[in-house]
Protein chains: 2
Amino acid sequence: MSFAVLQEKINAKKNPTVMGLDPKLEYIPKHILDEVTKEFGKTKKAVGEALFRFNKGLIDACCDLVPAVKPQSAYYEMYGLDGLEALYKTVEYAKSKDLYVILDGKRGDIGSTAEAYSAAYLGETDIFGIKRKSLDCDCLTVNPYLGIDGIQPFIDDCKKYDKSIFVLVKTSNKSSGDFQDIIVKSGKTLYERVAQSIVDWGNECKSEYKYNPVGAVVGATYPEQLASLRKTMPSTFFLVPGFGAQGGAADDVKPAFDENGEGAVVNSSRAIMCAYMRYGDGRDFGERAREEVIRMRDAINEVIGK
Amino acid sequence: MSFAVLQEKINAKKNPTVMGLDPKLEYIPKHILDEVTKEFGKTKKAVGEALFRFNKGLIDACCDLVPAVKPQSAYYEMYGLDGLEALYKTVEYAKSKDLYVILDGKRGDIGSTAEAYSAAYLGETDIFGIKRKSLDCDCLTVNPYLGIDGIQPFIDDCKKYDKSIFVLVKTSNKSSGDFQDIIVKSGKTLYERVAQSIVDWGNECKSEYKYNPVGAVVGATYPEQLASLRKTMPSTFFLVPGFGAQGGAADDVKPAFDENGEGAVVNSSRAIMCAYMRYGDGRDFGERAREEVIRMRDAINEVIGK
């Protein structure tokens with residue numbers, strides 16, 4: 001769905017927090033692991049079940065509070081086909097709870113291959129003459145290194161299926177500057193040059209809503225760059241990772257929002273998923289996640305005046 | 001496995017051709033589609049079976065001729081879990097035929113997530129205290145946009161598990177120049193700057209073999225850039241896509257090879273997989289693929305003096 005729908009959900013819940021679902025086995029409470037190994041043994045099947053049950057518990061506990069979830073594809077791919085099955089079930093379950101689903105896959109390839117990725121997650125695939133959904137997400141993160149060829153198929157599907165993408169601009173990791181901060185001929189950094197292209201691509205698919213479907217990923221760990229990009233990208237919705245476990249705080253993410261306190265979502269994964277670890281044995285992981293979401297929501301709303 | 005093993009396989013078969021396995025349903029011969037729909041109906045399960053049977057036929061027909069295969073992950077992801085199951089079966093089957101398997105996933109993310117991707121395809125994943133393989137490939141393509149954080153976990157697994165990676169430098173698509181050709185402050189292009197980092201990263205994990213495990217993707221469609229990169233990257237193995245259907249010819253890929261005609265593999269996907277389409281109904285798709293592989297092998301060997 002479009003960013004207009006995402007913003008509606010944010011406004012309805014008064015919360016711009018995305019719950020990241022990156023369920024490594026080490027993060028999963030003991031009672032869930034005990035349950036699944038009792039049922040399925042110490043198998044990959046048991047892992048898949050554990051990932052899904054943990055996600056389902058987090059979604060059940062927080063779905064009235066958060067507008068969106070962001071499963072990180074890598075954490076499912078690492079557990080093989082059973083992990084991927086858990087991803088599919090998680091996306092389906094999140095949608096049944098009316099959550100906006102951002103798949104964090106950071107896909108990027110040449111045009112024909114980008115078409116296939118877009119069909120996988122945003123559009124449809126031809127199955128013996130019938131168009132069918134594979135993993136029906138609302139939004140996908142995309143890598144810009146291959147240029148517009150590799151982005152256009154996603155944009156086309158955004159228009160056709162009312163979806164959105166977040167293209168990487170300035171990522172939250174320490175070495176994001178290795179290439180993204182390189183000064184290019186015009187005197188700007190590479191990430192500013194990428195940002196400019198995103199603005200251009202987005203302007204070509206403007207809708208009535210202020211924010212077009214071509215969003216940007218800008219890390220909470222670089223608040224100055226975030227502030228400057230907000231100014232140069234007035235119609236670009238932001239996904240802001242790096243809050244919580246990665247070090248970003250509420251003041252750091254404030255510049256991501258527009259004058260109405262809109263136009264951005266802030267992701268936190270480990271801090272929410274693993275909130276229970278500071279307390280007991282994890283039987284209350286849902287309640288602890290809920291407390292952390294509320295803490296994060298209130299902290300952000302305070303700085304953005306919501 | 002390391003590039004030393006890949007080069008051994010190339011030398012044994014006198015062929016630096018990688019057979020790309022990008023099996024869209026439209027590419028699959030009618031008799032295979034008839035078979036699977038008869039068995040499974042017009043279902044996603046039937047699609048998964050069709051992808052695998054087509055791949056198996058191509059591998060059976062060409063495994064004595066090619067050293068390596070390169071499945072493109074997107075073409076399996078677009079068919080959902082059944083497509084992914086076909087990918088898993090294809091990788092396993094290719095390995096049973098002693099082929100070197102390069103998974104074309106172009107993964108790239110922050111460090112902790114890159115660890116998960118590397119565990120998925122090169123390393124191992126902890127499953128209830130036991131380290132297990134998920135999809136055990138020899139090599140993975142990787143996107144450099146996030147800098148060394150996002151590359152290091154793959155390099156660590158290359159050392160630990162004797163694997164290799166190909167990092168994107170100059171891709172084969174038309175718009176690869178959008179960002180890759182941007183001139184950076186030093187007067188070089190971004191892709192040359194990325195190439196320099198790859199050389200540095202590779203130098204830190206040198207082995208006895210001339211080529212270290214950190215390879216580079218450089219498209220056949222940019223032969224001048226290929227020639228120049230070969231000079232500045234003397235210990236970097238090249239994966240050269242863009243041959244055949246994308247427009248690259250034997251003369252174009254010549255500069256990818258060193259003075260011994262080594263240090264590079266050239267991929268062709270559609271031209272091999274779909275070779276049958278110019279002739280009959282596809283019952284002979286294996287033979288036609290075989291002819292195309294031989295044609296490509298001989299054309300490349302002629303220009304590199306093998």
# chains A, B, ... in the order shown; residues from 1 in each chain; ligands from 1
$ select_by_dssp --residues "region 23-179 of chain A" --states "helix (DSSP H, G or I)" --output "count of residues only"
84
$ closest_atom_pairs --of "chain B" --to "chain A" --cutoff "6 Å" --atoms "only C-alpha atoms" --output "CSV"
residue,atom,partner,partner_atom,distance
B:Ala74,CA,A:Tyr117,CA,5.2
B:Tyr75,CA,A:Ala116,CA,5.8
B:Glu77,CA,A:Ala120,CA,5.8
B:Met78,CA,A:Ala120,CA,3.8
B:Gly80,CA,A:Ser134,CA,4.9
B:Ile110,CA,A:Asn173,CA,5.6
B:Ala116,CA,A:Ala74,CA,5.5
B:Tyr117,CA,A:Ala74,CA,5.2
B:Ala119,CA,A:Met78,CA,5.7
B:Ala120,CA,A:Met78,CA,3.8
B:Ser134,CA,A:Gly80,CA,4.9
B:Leu146,CA,A:Ser176,CA,5.0
B:Gly147,CA,A:Asp178,CA,5.0
B:Asp149,CA,A:Ser175,CA,5.6
B:Asn173,CA,A:Ile110,CA,5.6
B:Ser175,CA,A:Gly147,CA,5.3
B:Ser176,CA,A:Leu146,CA,4.9
B:Asp178,CA,A:Gly147,CA,5.0
B:Ile183,CA,A:Lys185,CA,5.5
B:Val184,CA,A:Val184,CA,4.0
B:Lys185,CA,A:Val184,CA,5.4
$ write_last_selection --atoms "C-alpha atoms" --output "PDB file, in the first residue's frame"
ATOM      1  CA  ALA B  74      15.236 -13.464  -8.065  1.00  0.00           C
ATOM      2  CA  TYR B  75      13.864 -15.973 -10.575  1.00  0.00           C
ATOM      3  CA  GLU B  77      11.944 -15.863  -5.221  1.00  0.00           C
ATOM      4  CA  MET B  78       9.315 -14.675  -7.717  1.00  0.00           C
ATOM      5  CA  GLY B  80       7.448 -18.108  -3.771  1.00  0.00           C
ATOM      6  CA  ILE B 110      24.674  -3.706   7.758  1.00  0.00           C
ATOM      7  CA  ALA B 116      22.935 -13.618   8.574  1.00  0.00           C
ATOM      8  CA  TYR B 117      23.137 -13.536   4.762  1.00  0.00           C
ATOM      9  CA  ALA B 119      25.385 -17.792   7.212  1.00  0.00           C
ATOM     10  CA  ALA B 120      22.542 -18.481   4.779  1.00  0.00           C
ATOM     11  CA  SER B 134      21.320 -23.753   4.928  1.00  0.00           C
ATOM     12  CA  LEU B 146      27.086  -0.253   2.624  1.00  0.00           C
ATOM     13  CA  GLY B 147      30.909  -0.362   2.801  1.00  0.00           C
ATOM     14  CA  ASP B 149      30.823  -3.503   7.527  1.00  0.00           C
ATOM     15  CA  ASN B 173      23.142  -2.940 -17.394  1.00  0.00           C
ATOM     16  CA  SER B 175      22.134   2.523 -16.426  1.00  0.00           C
ATOM     17  CA  SER B 176      25.077   1.125 -14.467  1.00  0.00           C
ATOM     18  CA  ASP B 178      24.019   6.420 -13.119  1.00  0.00           C
ATOM     19  CA  ILE B 183      33.528  11.045 -10.934  1.00  0.00           C
ATOM     20  CA  VAL B 184      34.652  11.259  -7.324  1.00  0.00           C
ATOM     21  CA  LYS B 185      37.008  13.781  -5.791  1.00  0.00           C
TER      22      LYS B 185
END
$ closest_residue --among "B:Gly305, B:Gly282, B:Gly215, B:Pro16" --to "Gly57 (chain B)" --atoms "only C-alpha atoms"
B:Gly282
$ residues_around --residues "region 96-103 of chain B" --least-positions-apart "4" --cutoff "7 Å" --atoms "only C-alpha atoms" --output "PDB file with C-alpha atoms, in the first residue's frame"
ATOM      1  CA  LEU B   6      37.003 -22.817  -9.799  1.00  0.00           C
ATOM      2  CA  CYS B  63      27.840 -30.630 -16.735  1.00  0.00           C
ATOM      3  CA  PRO B  67      32.776 -25.584 -14.678  1.00  0.00           C
ATOM      4  CA  ALA B  68      30.080 -23.622 -12.899  1.00  0.00           C
ATOM      5  CA  VAL B  69      26.434 -22.625 -12.720  1.00  0.00           C
ATOM      6  CA  LYS B  70      24.950 -19.359 -11.513  1.00  0.00           C
ATOM      7  CA  PRO B  71      21.353 -19.453 -10.325  1.00  0.00           C
ATOM      8  CA  GLN B  72      19.851 -15.961 -10.077  1.00  0.00           C
ATOM      9  CA  SER B  73      17.916 -15.875  -6.807  1.00  0.00           C
ATOM     10  CA  VAL B  91      22.071 -26.098  -5.950  1.00  0.00           C
ATOM     11  CA  GLU B  92      22.192 -29.566  -4.402  1.00  0.00           C
ATOM     12  CA  CYS B 137      26.897 -22.389  -2.225  1.00  0.00           C
ATOM     13  CA  ASP B 138      30.547 -21.920  -3.223  1.00  0.00           C
ATOM     14  CA  CYS B 139      30.226 -18.255  -3.919  1.00  0.00           C
ATOM     15  CA  LEU B 140      27.774 -15.353  -3.598  1.00  0.00           C
ATOM     16  CA  THR B 141      27.468 -12.011  -5.380  1.00  0.00           C
TER      17      THR B 141
END
$ select_by_dssp --residues "region 198-229 of chain B" --states "strand (DSSP E or B)" --output "list of chain:residue names"
B:Asn212, B:Pro213, B:Val214, B:Gly215, B:Ala216, B:Val217, B:Val218
$ residues_around --residues "region 236-251 of chain A" --least-positions-apart "2" --cutoff "7 Å" --atoms "only C-alpha atoms" --output "PyMOL selection string"
chain A and resi 166+172+199+211-212+214-221+233-234+253-254+256+263-268+270-271+299-300+303
